[in-house]
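Engineer: Sending over protein.txt (compact mmCIF, N, CA, C and O atoms).
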```
# COMPACT_ATOMS: atom_id res chain seq x y z
N MET N 1155 -0.58 0.52 -10.12
CA MET N 1155 -0.08 -0.14 -8.93
C MET N 1155 -1.21 -0.90 -8.24
O MET N 1155 -2.37 -0.54 -8.38
N ILE N 1156 -0.84 -1.88 -7.49
CA ILE N 1156 -1.78 -2.74 -6.77
C ILE N 1156 -1.67 -2.40 -5.29
O ILE N 1156 -0.57 -2.16 -4.78
N THR N 1157 -2.78 -2.40 -4.59
CA THR N 1157 -2.79 -2.09 -3.18
C THR N 1157 -3.02 -3.38 -2.39
O THR N 1157 -3.95 -4.13 -2.67
N ILE N 1158 -2.13 -3.64 -1.42
CA ILE N 1158 -2.22 -4.86 -0.61
C ILE N 1158 -2.11 -4.54 0.87
O ILE N 1158 -1.57 -3.52 1.26
N ARG N 1159 -2.62 -5.47 1.68
CA ARG N 1159 -2.46 -5.41 3.13
C ARG N 1159 -1.65 -6.64 3.53
O ARG N 1159 -1.96 -7.76 3.14
N LEU N 1160 -0.61 -6.41 4.32
CA LEU N 1160 0.21 -7.50 4.83
C LEU N 1160 -0.17 -7.81 6.27
O LEU N 1160 -0.66 -6.93 6.99
N LYS N 1161 0.10 -9.03 6.70
CA LYS N 1161 -0.09 -9.37 8.11
C LYS N 1161 0.94 -8.61 8.93
O LYS N 1161 2.10 -8.51 8.55
N LYS N 1162 0.50 -8.05 10.04
CA LYS N 1162 1.40 -7.25 10.87
C LYS N 1162 2.60 -8.06 11.36
O LYS N 1162 3.70 -7.53 11.49
N ALA N 1163 2.41 -9.34 11.60
CA ALA N 1163 3.49 -10.18 12.09
C ALA N 1163 4.56 -10.43 11.01
O ALA N 1163 5.70 -10.77 11.33
N GLU N 1164 4.20 -10.26 9.73
CA GLU N 1164 5.11 -10.57 8.62
C GLU N 1164 5.62 -9.34 7.88
O GLU N 1164 6.49 -9.47 7.02
N TRP N 1165 5.11 -8.16 8.18
CA TRP N 1165 5.38 -7.02 7.31
C TRP N 1165 6.86 -6.67 7.24
O TRP N 1165 7.34 -6.28 6.18
N GLY N 1166 7.61 -6.82 8.32
CA GLY N 1166 9.03 -6.47 8.30
C GLY N 1166 9.84 -7.30 7.31
O GLY N 1166 10.59 -6.77 6.49
N LYS N 1167 9.66 -8.61 7.37
CA LYS N 1167 10.38 -9.49 6.45
C LYS N 1167 9.89 -9.30 5.02
O LYS N 1167 10.68 -9.29 4.08
N ALA N 1168 8.57 -9.12 4.86
CA ALA N 1168 8.01 -8.91 3.53
C ALA N 1168 8.52 -7.60 2.94
O ALA N 1168 8.87 -7.53 1.75
N TRP N 1169 8.58 -6.56 3.75
CA TRP N 1169 9.07 -5.25 3.30
C TRP N 1169 10.50 -5.37 2.78
O TRP N 1169 10.82 -4.89 1.70
N ARG N 1170 11.36 -6.02 3.56
CA ARG N 1170 12.75 -6.15 3.14
C ARG N 1170 12.88 -6.91 1.83
O ARG N 1170 13.70 -6.57 0.98
N ALA N 1171 12.06 -7.92 1.65
CA ALA N 1171 12.09 -8.68 0.40
C ALA N 1171 11.58 -7.82 -0.76
O ALA N 1171 12.15 -7.83 -1.84
N MET N 1172 10.50 -7.06 -0.51
CA MET N 1172 9.90 -6.27 -1.59
C MET N 1172 10.80 -5.13 -2.07
O MET N 1172 10.83 -4.83 -3.26
N ILE N 1173 11.52 -4.48 -1.17
CA ILE N 1173 12.33 -3.34 -1.61
C ILE N 1173 13.51 -3.78 -2.48
O ILE N 1173 14.07 -2.97 -3.21
N ASP N 1174 13.87 -5.06 -2.43
CA ASP N 1174 14.89 -5.58 -3.34
C ASP N 1174 14.37 -5.67 -4.77
O ASP N 1174 15.16 -5.64 -5.71
N VAL N 1175 13.06 -5.76 -4.94
CA VAL N 1175 12.44 -5.90 -6.26
C VAL N 1175 12.18 -4.55 -6.91
O VAL N 1175 12.38 -4.38 -8.11
N GLY N 1176 11.72 -3.59 -6.12
CA GLY N 1176 11.40 -2.28 -6.68
C GLY N 1176 10.74 -1.40 -5.64
O GLY N 1176 10.62 -1.78 -4.48
N PRO N 1177 10.28 -0.21 -6.06
CA PRO N 1177 9.70 0.74 -5.11
C PRO N 1177 8.40 0.22 -4.49
O PRO N 1177 7.58 -0.39 -5.16
N VAL N 1178 8.25 0.48 -3.21
CA VAL N 1178 7.06 0.11 -2.44
C VAL N 1178 6.62 1.35 -1.68
O VAL N 1178 7.44 2.05 -1.11
N THR N 1179 5.31 1.63 -1.69
CA THR N 1179 4.81 2.82 -1.01
C THR N 1179 3.86 2.43 0.10
O THR N 1179 2.85 1.77 -0.16
N LEU N 1180 4.17 2.83 1.33
CA LEU N 1180 3.26 2.65 2.46
C LEU N 1180 2.20 3.73 2.36
O LEU N 1180 2.52 4.92 2.33
N ILE N 1181 0.92 3.33 2.28
CA ILE N 1181 -0.14 4.34 2.16
C ILE N 1181 -1.06 4.39 3.38
O ILE N 1181 -1.90 5.26 3.47
N ALA N 1182 -0.90 3.44 4.30
CA ALA N 1182 -1.68 3.44 5.54
C ALA N 1182 -0.92 2.62 6.57
O ALA N 1182 -0.15 1.73 6.21
N ASN N 1183 -1.15 2.89 7.82
CA ASN N 1183 -0.43 2.18 8.88
C ASN N 1183 -0.97 0.79 9.15
O ASN N 1183 -0.56 0.15 10.11
N ASP N 1184 -1.83 0.29 8.33
CA ASP N 1184 -2.54 -0.97 8.59
C ASP N 1184 -1.68 -2.23 8.54
O ASP N 1184 -2.08 -3.17 9.18
N PRO N 1185 -0.66 -2.58 7.92
CA PRO N 1185 0.12 -1.92 6.90
C PRO N 1185 -0.43 -2.18 5.50
O PRO N 1185 -0.61 -3.33 5.09
N ILE N 1186 -0.71 -1.11 4.78
CA ILE N 1186 -1.22 -1.17 3.41
C ILE N 1186 -0.20 -0.51 2.50
O ILE N 1186 0.27 0.59 2.78
N TYR N 1187 0.14 -1.21 1.42
CA TYR N 1187 1.18 -0.76 0.50
C TYR N 1187 0.68 -0.75 -0.93
O TYR N 1187 -0.17 -1.56 -1.31
N GLN N 1188 1.27 0.12 -1.75
CA GLN N 1188 1.09 0.06 -3.19
C GLN N 1188 2.32 -0.64 -3.73
O GLN N 1188 3.45 -0.25 -3.43
N VAL N 1189 2.09 -1.69 -4.53
CA VAL N 1189 3.18 -2.52 -5.01
C VAL N 1189 3.00 -2.81 -6.50
O VAL N 1189 1.96 -2.53 -7.09
N LEU N 1190 4.02 -3.42 -7.06
CA LEU N 1190 4.02 -3.84 -8.45
C LEU N 1190 3.65 -5.33 -8.54
O LEU N 1190 3.79 -6.06 -7.56
N PRO N 1191 3.21 -5.79 -9.72
CA PRO N 1191 2.92 -7.22 -9.87
C PRO N 1191 4.11 -8.12 -9.49
O PRO N 1191 3.91 -9.21 -8.94
N ALA N 1192 5.32 -7.65 -9.74
CA ALA N 1192 6.51 -8.44 -9.38
C ALA N 1192 6.59 -8.67 -7.88
O ALA N 1192 7.07 -9.72 -7.43
N HIS N 1193 6.12 -7.71 -7.10
CA HIS N 1193 6.11 -7.88 -5.64
C HIS N 1193 5.18 -9.02 -5.24
O HIS N 1193 5.49 -9.80 -4.34
N LEU N 1194 4.02 -9.10 -5.88
CA LEU N 1194 3.07 -10.17 -5.56
C LEU N 1194 3.66 -11.54 -5.88
O LEU N 1194 3.48 -12.49 -5.12
N GLU N 1195 4.37 -11.62 -7.01
CA GLU N 1195 5.03 -12.88 -7.37
C GLU N 1195 6.05 -13.27 -6.30
O GLU N 1195 6.12 -14.42 -5.89
N LEU N 1196 6.82 -12.31 -5.84
CA LEU N 1196 7.82 -12.55 -4.81
C LEU N 1196 7.17 -13.00 -3.50
O LEU N 1196 7.59 -13.99 -2.89
N LEU N 1197 6.14 -12.28 -3.07
CA LEU N 1197 5.46 -12.62 -1.82
C LEU N 1197 4.87 -14.02 -1.87
O LEU N 1197 4.99 -14.79 -0.92
N THR N 1198 4.26 -14.35 -2.99
CA THR N 1198 3.67 -15.68 -3.16
C THR N 1198 4.75 -16.76 -3.14
O THR N 1198 4.61 -17.78 -2.46
N ALA N 1199 5.84 -16.52 -3.87
CA ALA N 1199 6.93 -17.50 -3.95
C ALA N 1199 7.57 -17.75 -2.59
O ALA N 1199 7.98 -18.87 -2.28
N ARG N 1200 7.63 -16.71 -1.75
CA ARG N 1200 8.26 -16.84 -0.43
C ARG N 1200 7.28 -17.21 0.68
O ARG N 1200 7.65 -17.30 1.84
N GLY N 1201 6.01 -17.39 0.32
CA GLY N 1201 5.02 -17.86 1.29
C GLY N 1201 4.42 -16.79 2.19
O GLY N 1201 3.82 -17.12 3.21
N PHE N 1202 4.55 -15.51 1.83
CA PHE N 1202 3.94 -14.45 2.62
C PHE N 1202 2.47 -14.34 2.29
O PHE N 1202 2.06 -14.53 1.15
N SER N 1203 1.67 -14.03 3.29
CA SER N 1203 0.24 -13.83 3.10
C SER N 1203 -0.03 -12.35 2.87
O SER N 1203 0.59 -11.50 3.51
N TYR N 1204 -0.94 -12.05 1.96
CA TYR N 1204 -1.34 -10.68 1.71
C TYR N 1204 -2.77 -10.67 1.21
O TYR N 1204 -3.29 -11.69 0.77
N GLU N 1205 -3.39 -9.53 1.29
CA GLU N 1205 -4.76 -9.35 0.83
C GLU N 1205 -4.77 -8.16 -0.13
O GLU N 1205 -4.26 -7.08 0.21
N VAL N 1206 -5.30 -8.35 -1.33
CA VAL N 1206 -5.45 -7.24 -2.26
C VAL N 1206 -6.66 -6.44 -1.79
O VAL N 1206 -7.72 -6.99 -1.55
N VAL N 1207 -6.47 -5.13 -1.62
CA VAL N 1207 -7.55 -4.28 -1.13
C VAL N 1207 -7.84 -3.18 -2.14
O VAL N 1207 -6.93 -2.72 -2.84
N PRO N 1208 -9.10 -2.75 -2.22
CA PRO N 1208 -9.42 -1.66 -3.15
C PRO N 1208 -8.81 -0.36 -2.64
O PRO N 1208 -8.80 -0.10 -1.44
N LEU N 1209 -8.30 0.41 -3.56
CA LEU N 1209 -7.73 1.70 -3.20
C LEU N 1209 -8.86 2.70 -3.04
O LEU N 1209 -9.68 2.89 -3.94
N ARG N 1210 -8.92 3.32 -1.88
CA ARG N 1210 -9.95 4.33 -1.63
C ARG N 1210 -9.52 5.62 -2.30
O ARG N 1210 -8.38 6.05 -2.15
N PRO N 1211 -10.43 6.26 -3.00
CA PRO N 1211 -10.07 7.53 -3.62
C PRO N 1211 -9.76 8.57 -2.55
O PRO N 1211 -10.39 8.58 -1.49
N ARG N 1212 -8.77 9.38 -2.82
CA ARG N 1212 -8.42 10.44 -1.87
C ARG N 1212 -9.52 11.48 -1.87
O ARG N 1212 -10.05 11.83 -2.91
N ARG N 1213 -9.83 11.96 -0.67
CA ARG N 1213 -10.84 13.00 -0.58
C ARG N 1213 -10.25 14.30 -1.11
O ARG N 1213 -9.16 14.69 -0.73
N THR N 1214 -11.01 14.92 -1.97
CA THR N 1214 -10.55 16.20 -2.48
C THR N 1214 -11.01 17.29 -1.53
O THR N 1214 -12.06 17.19 -0.91
N GLU N 1215 -10.22 18.28 -1.44
CA GLU N 1215 -10.53 19.37 -0.54
C GLU N 1215 -11.67 20.20 -1.14
O GLU N 1215 -11.65 20.56 -2.31
N ASN N 1216 -12.69 20.46 -0.35
CA ASN N 1216 -13.79 21.30 -0.82
C ASN N 1216 -13.36 22.75 -0.74
O ASN N 1216 -13.11 23.28 0.33
N ARG N 1217 -13.29 23.34 -1.88
CA ARG N 1217 -12.88 24.73 -1.91
C ARG N 1217 -14.09 25.58 -2.27
O ARG N 1217 -14.78 25.34 -3.26
N HIS N 1218 -14.34 26.55 -1.47
CA HIS N 1218 -15.44 27.47 -1.70
C HIS N 1218 -14.85 28.81 -2.14
O HIS N 1218 -14.05 29.40 -1.43
N HIS N 1219 -15.24 29.21 -3.31
CA HIS N 1219 -14.73 30.46 -3.82
C HIS N 1219 -15.73 31.56 -3.47
O HIS N 1219 -16.87 31.51 -3.88
N GLY N 1220 -15.29 32.50 -2.72
CA GLY N 1220 -16.14 33.61 -2.32
C GLY N 1220 -16.35 34.57 -3.47
O GLY N 1220 -15.64 34.57 -4.47
N THR N 1221 -17.33 35.38 -3.32
CA THR N 1221 -17.62 36.40 -4.34
C THR N 1221 -17.16 37.74 -3.81
O THR N 1221 -17.93 38.53 -3.42
N GLY N 1222 -15.96 38.04 -3.78
CA GLY N 1222 -15.39 39.26 -3.23
C GLY N 1222 -16.35 40.43 -3.12
O GLY N 1222 -16.50 41.22 -4.04
N ASN N 1223 -17.06 40.54 -2.02
CA ASN N 1223 -18.04 41.61 -1.82
C ASN N 1223 -17.38 42.93 -1.67
O ASN N 1223 -16.69 43.37 -0.94
```
Show the structure stored in the file as structure tokens.

Structural biologist:
Amino acid sequence: MITIRLKKAEWGKAWRAMIDVGPVTLIANDPIYQVLPAHLELLTARGFSYEVVPLRPRRTENRHHGTGN
């Protein structure tokens, strides 16, 4: 999947257009979404602006295993 940021002023219309194509996942309130290549084609064809952003790796939880004393 590709991660993109939409302009806040356009995200509502872009969202409605994208969900007609396939699944879209909101991953941050910025609004940042994970989308398919078909979504990018649609956004470009309809004149929406977007920015491809690198996906930040999720922080893994640090687990400390005690030595049962």

Engineer: Which neighbours of Ala1168 in chain N fall inside 12 Å, counting only C-alpha atoms, when residues of the same chain fewer than 6 positions from it are skipped, and could you give them as number ranges by chain?

Structural biologist: N: 1158-1162, 1174-1175, 1178, 1185, 1187, 1189, 1193-1204

Engineer: Restrict the selected residues to N, CA, C and O atoms and save them as a PDB file, in the coordinates of the input.

Structural biologist:
```
ATOM      1  N   ILE N1158      -2.130  -3.640  -1.420  1.00  0.00           N
ATOM      2  CA  ILE N1158      -2.220  -4.860  -0.610  1.00  0.00           C
ATOM      3  C   ILE N1158      -2.110  -4.540   0.870  1.00  0.00           C
ATOM      4  O   ILE N1158      -1.570  -3.520   1.260  1.00  0.00           O
ATOM      5  N   ARG N1159      -2.620  -5.470   1.680  1.00  0.00           N
ATOM      6  CA  ARG N1159      -2.460  -5.410   3.130  1.00  0.00           C
ATOM      7  C   ARG N1159      -1.650  -6.640   3.530  1.00  0.00           C
ATOM      8  O   ARG N1159      -1.960  -7.760   3.140  1.00  0.00           O
ATOM      9  N   LEU N1160      -0.610  -6.410   4.320  1.00  0.00           N
ATOM     10  CA  LEU N1160       0.210  -7.500   4.830  1.00  0.00           C
ATOM     11  C   LEU N1160      -0.170  -7.810   6.270  1.00  0.00           C
ATOM     12  O   LEU N1160      -0.660  -6.930   6.990  1.00  0.00           O
ATOM     13  N   LYS N1161       0.100  -9.030   6.700  1.00  0.00           N
ATOM     14  CA  LYS N1161      -0.090  -9.370   8.110  1.00  0.00           C
ATOM     15  C   LYS N1161       0.940  -8.610   8.930  1.00  0.00           C
ATOM     16  O   LYS N1161       2.100  -8.510   8.550  1.00  0.00           O
ATOM     17  N   LYS N1162       0.500  -8.050  10.040  1.00  0.00           N
ATOM     18  CA  LYS N1162       1.400  -7.250  10.870  1.00  0.00           C
ATOM     19  C   LYS N1162       2.600  -8.060  11.360  1.00  0.00           C
ATOM     20  O   LYS N1162       3.700  -7.530  11.490  1.00  0.00           O
ATOM     21  N   ASP N1174      13.870  -5.060  -2.430  1.00  0.00           N
ATOM     22  CA  ASP N1174      14.890  -5.580  -3.340  1.00  0.00           C
ATOM     23  C   ASP N1174      14.370  -5.670  -4.770  1.00  0.00           C
ATOM     24  O   ASP N1174      15.160  -5.640  -5.710  1.00  0.00           O
ATOM     25  N   VAL N1175      13.060  -5.760  -4.940  1.00  0.00           N
ATOM     26  CA  VAL N1175      12.440  -5.900  -6.260  1.00  0.00           C
ATOM     27  C   VAL N1175      12.180  -4.550  -6.910  1.00  0.00           C
ATOM     28  O   VAL N1175      12.380  -4.380  -8.110  1.00  0.00           O
ATOM     29  N   VAL N1178       8.250   0.480  -3.210  1.00  0.00           N
ATOM     30  CA  VAL N1178       7.060   0.110  -2.440  1.00  0.00           C
ATOM     31  C   VAL N1178       6.620   1.350  -1.680  1.00  0.00           C
ATOM     32  O   VAL N1178       7.440   2.050  -1.110  1.00  0.00           O
ATOM     33  N   PRO N1185      -0.660  -2.580   7.920  1.00  0.00           N
ATOM     34  CA  PRO N1185       0.120  -1.920   6.900  1.00  0.00           C
ATOM     35  C   PRO N1185      -0.430  -2.180   5.500  1.00  0.00           C
ATOM     36  O   PRO N1185      -0.610  -3.330   5.090  1.00  0.00           O
ATOM     37  N   TYR N1187       0.140  -1.210   1.420  1.00  0.00           N
ATOM     38  CA  TYR N1187       1.180  -0.760   0.500  1.00  0.00           C
ATOM     39  C   TYR N1187       0.680  -0.750  -0.930  1.00  0.00           C
ATOM     40  O   TYR N1187      -0.170  -1.560  -1.310  1.00  0.00           O
ATOM     41  N   VAL N1189       2.090  -1.690  -4.530  1.00  0.00           N
ATOM     42  CA  VAL N1189       3.180  -2.520  -5.010  1.00  0.00           C
ATOM     43  C   VAL N1189       3.000  -2.810  -6.500  1.00  0.00           C
ATOM     44  O   VAL N1189       1.960  -2.530  -7.090  1.00  0.00           O
ATOM     45  N   HIS N1193       6.120  -7.710  -7.100  1.00  0.00           N
ATOM     46  CA  HIS N1193       6.110  -7.880  -5.640  1.00  0.00           C
ATOM     47  C   HIS N1193       5.180  -9.020  -5.240  1.00  0.00           C
ATOM     48  O   HIS N1193       5.490  -9.800  -4.340  1.00  0.00           O
ATOM     49  N   LEU N1194       4.020  -9.100  -5.880  1.00  0.00           N
ATOM     50  CA  LEU N1194       3.070 -10.170  -5.560  1.00  0.00           C
ATOM     51  C   LEU N1194       3.660 -11.540  -5.880  1.00  0.00           C
ATOM     52  O   LEU N1194       3.480 -12.490  -5.120  1.00  0.00           O
ATOM     53  N   GLU N1195       4.370 -11.620  -7.010  1.00  0.00           N
ATOM     54  CA  GLU N1195       5.030 -12.880  -7.370  1.00  0.00           C
ATOM     55  C   GLU N1195       6.050 -13.270  -6.300  1.00  0.00           C
ATOM     56  O   GLU N1195       6.120 -14.420  -5.890  1.00  0.00           O
ATOM     57  N   LEU N1196       6.820 -12.310  -5.840  1.00  0.00           N
ATOM     58  CA  LEU N1196       7.820 -12.550  -4.810  1.00  0.00           C
ATOM     59  C   LEU N1196       7.170 -13.000  -3.500  1.00  0.00           C
ATOM     60  O   LEU N1196       7.590 -13.990  -2.890  1.00  0.00           O
ATOM     61  N   LEU N1197       6.140 -12.280  -3.070  1.00  0.00           N
ATOM     62  CA  LEU N1197       5.460 -12.620  -1.820  1.00  0.00           C
ATOM     63  C   LEU N1197       4.870 -14.020  -1.870  1.00  0.00           C
ATOM     64  O   LEU N1197       4.990 -14.790  -0.920  1.00  0.00           O
ATOM     65  N   THR N1198       4.260 -14.350  -2.990  1.00  0.00           N
ATOM     66  CA  THR N1198       3.670 -15.680  -3.160  1.00  0.00           C
ATOM     67  C   THR N1198       4.750 -16.760  -3.140  1.00  0.00           C
ATOM     68  O   THR N1198       4.610 -17.780  -2.460  1.00  0.00           O
ATOM     69  N   ALA N1199       5.840 -16.520  -3.870  1.00  0.00           N
ATOM     70  CA  ALA N1199       6.930 -17.500  -3.950  1.00  0.00           C
ATOM     71  C   ALA N1199       7.570 -17.750  -2.590  1.00  0.00           C
ATOM     72  O   ALA N1199       7.980 -18.870  -2.280  1.00  0.00           O
ATOM     73  N   ARG N1200       7.630 -16.710  -1.750  1.00  0.00           N
ATOM     74  CA  ARG N1200       8.260 -16.840  -0.430  1.00  0.00           C
ATOM     75  C   ARG N1200       7.280 -17.210   0.680  1.00  0.00           C
ATOM     76  O   ARG N1200       7.650 -17.300   1.840  1.00  0.00           O
ATOM     77  N   GLY N1201       6.010 -17.390   0.320  1.00  0.00           N
ATOM     78  CA  GLY N1201       5.020 -17.860   1.290  1.00  0.00           C
ATOM     79  C   GLY N1201       4.420 -16.790   2.190  1.00  0.00           C
ATOM     80  O   GLY N1201       3.820 -17.120   3.210  1.00  0.00           O
ATOM     81  N   PHE N1202       4.550 -15.510   1.830  1.00  0.00           N
ATOM     82  CA  PHE N1202       3.940 -14.450   2.620  1.00  0.00           C
ATOM     83  C   PHE N1202       2.470 -14.340   2.290  1.00  0.00           C
ATOM     84  O   PHE N1202       2.060 -14.530   1.150  1.00  0.00           O
ATOM     85  N   SER N1203       1.670 -14.030   3.290  1.00  0.00           N
ATOM     86  CA  SER N1203       0.240 -13.830   3.100  1.00  0.00           C
ATOM     87  C   SER N1203      -0.030 -12.350   2.870  1.00  0.00           C
ATOM     88  O   SER N1203       0.590 -11.500   3.510  1.00  0.00           O
ATOM     89  N   TYR N1204      -0.940 -12.050   1.960  1.00  0.00           N
ATOM     90  CA  TYR N1204      -1.340 -10.680   1.710  1.00  0.00           C
ATOM     91  C   TYR N1204      -2.770 -10.670   1.210  1.00  0.00           C
ATOM     92  O   TYR N1204      -3.290 -11.690   0.770  1.00  0.00           O
TER      93      TYR N1204
END
```

Engineer: Counting only C-alpha atoms, which residues sit no farther than 10 Å from the position (-9.5, -5.4, 1.3) in the file's frame? I'd like them as a list in words.

Structural biologist: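 Final list of nearby residues, as requested, is Thr1157, Ile1158, Arg1159, Ile1186, Tyr1204, Glu1205, Val1206, Val1207, Pro1208 and Leu1209 of chain N.
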
Engineer: Record the distance separating CA of Pro1177 in chain N and CA of Glu1164 in chain N, expressed in Å with one decimal.

Structural biologist: 18.4 Å

Engineer: Work out how far atom N of Ile1173 in chain N is from CA of Pro1191 in chain N, in Å to one decimal.

Structural biologist: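 Going from CA of Pro1191 in chain N over to atom N of Ile1173 in chain N, I get 12.5 Å.
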
Engineer: What is the atom N of Ala1192 in chain N to CA of Gly1176 in chain N distance in Å?

Structural biologist: 8.7 Å

Engineer: Please write out, as JSON, where the centre of an axis-aligned box around all listed atoms of range 1179-1195 of chain N lies and how long its edges are, in Å to one decimal, after adding 5 Å on each side.

Structural biologist:
```
{"center_x": 2.3, "center_y": -4.6, "center_z": 0.1, "size_x": 19.6, "size_y": 29.7, "size_z": 30.0}
```

Engineer: All heavy atoms are what I want for range 1174-1182 of chain N; can you complete it accordingly and write them as a CSV table (one decimal), in the frame of the given file?

Structural biologist:
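Final output, out.csv:
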```
chain,number,residue,atom,x,y,z
N,1174,ASP,N,13.9,-5.1,-2.4
N,1174,ASP,CA,14.9,-5.6,-3.3
N,1174,ASP,C,14.4,-5.7,-4.8
N,1174,ASP,O,15.2,-5.6,-5.7
N,1174,ASP,CB,15.4,-7.0,-2.9
N,1174,ASP,CG,16.3,-6.9,-1.7
N,1174,ASP,OD1,16.8,-5.8,-1.4
N,1174,ASP,OD2,16.4,-7.9,-1.0
N,1175,VAL,N,13.1,-5.8,-4.9
N,1175,VAL,CA,12.4,-5.9,-6.3
N,1175,VAL,C,12.2,-4.6,-6.9
N,1175,VAL,O,12.4,-4.4,-8.1
N,1175,VAL,CB,11.1,-6.7,-6.2
N,1175,VAL,CG1,10.4,-6.7,-7.5
N,1175,VAL,CG2,11.4,-8.1,-5.7
N,1176,GLY,N,11.7,-3.6,-6.1
N,1176,GLY,CA,11.4,-2.3,-6.7
N,1176,GLY,C,10.7,-1.4,-5.6
N,1176,GLY,O,10.6,-1.8,-4.5
N,1177,PRO,N,10.3,-0.2,-6.1
N,1177,PRO,CA,9.7,0.7,-5.1
N,1177,PRO,C,8.4,0.2,-4.5
N,1177,PRO,O,7.6,-0.4,-5.2
N,1177,PRO,CB,9.4,2.0,-5.9
N,1177,PRO,CG,9.4,1.5,-7.3
N,1177,PRO,CD,10.3,0.3,-7.4
N,1178,VAL,N,8.2,0.5,-3.2
N,1178,VAL,CA,7.1,0.1,-2.4
N,1178,VAL,C,6.6,1.4,-1.7
N,1178,VAL,O,7.4,2.0,-1.1
N,1178,VAL,CB,7.4,-1.0,-1.4
N,1178,VAL,CG1,6.2,-1.4,-0.6
N,1178,VAL,CG2,7.9,-2.2,-2.1
N,1179,THR,N,5.3,1.6,-1.7
N,1179,THR,CA,4.8,2.8,-1.0
N,1179,THR,C,3.9,2.4,0.1
N,1179,THR,O,2.8,1.8,-0.2
N,1179,THR,CB,4.1,3.7,-2.0
N,1179,THR,OG1,5.0,4.0,-3.1
N,1179,THR,CG2,3.6,5.0,-1.4
N,1180,LEU,N,4.2,2.8,1.3
N,1180,LEU,CA,3.3,2.6,2.5
N,1180,LEU,C,2.2,3.7,2.4
N,1180,LEU,O,2.5,4.9,2.3
N,1180,LEU,CB,4.0,2.8,3.8
N,1180,LEU,CG,3.2,2.7,5.0
N,1180,LEU,CD1,2.6,1.3,5.2
N,1180,LEU,CD2,4.0,3.1,6.3
N,1181,ILE,N,0.9,3.3,2.3
N,1181,ILE,CA,-0.1,4.3,2.2
N,1181,ILE,C,-1.1,4.4,3.4
N,1181,ILE,O,-1.9,5.3,3.5
N,1181,ILE,CB,-1.0,4.2,0.9
N,1181,ILE,CG1,-1.6,2.8,0.8
N,1181,ILE,CG2,-0.1,4.4,-0.4
N,1181,ILE,CD1,-2.6,2.7,-0.3
N,1182,ALA,N,-0.9,3.4,4.3
N,1182,ALA,CA,-1.7,3.4,5.5
N,1182,ALA,C,-0.9,2.6,6.6
N,1182,ALA,O,-0.2,1.7,6.2
N,1182,ALA,CB,-3.1,2.9,5.3
```
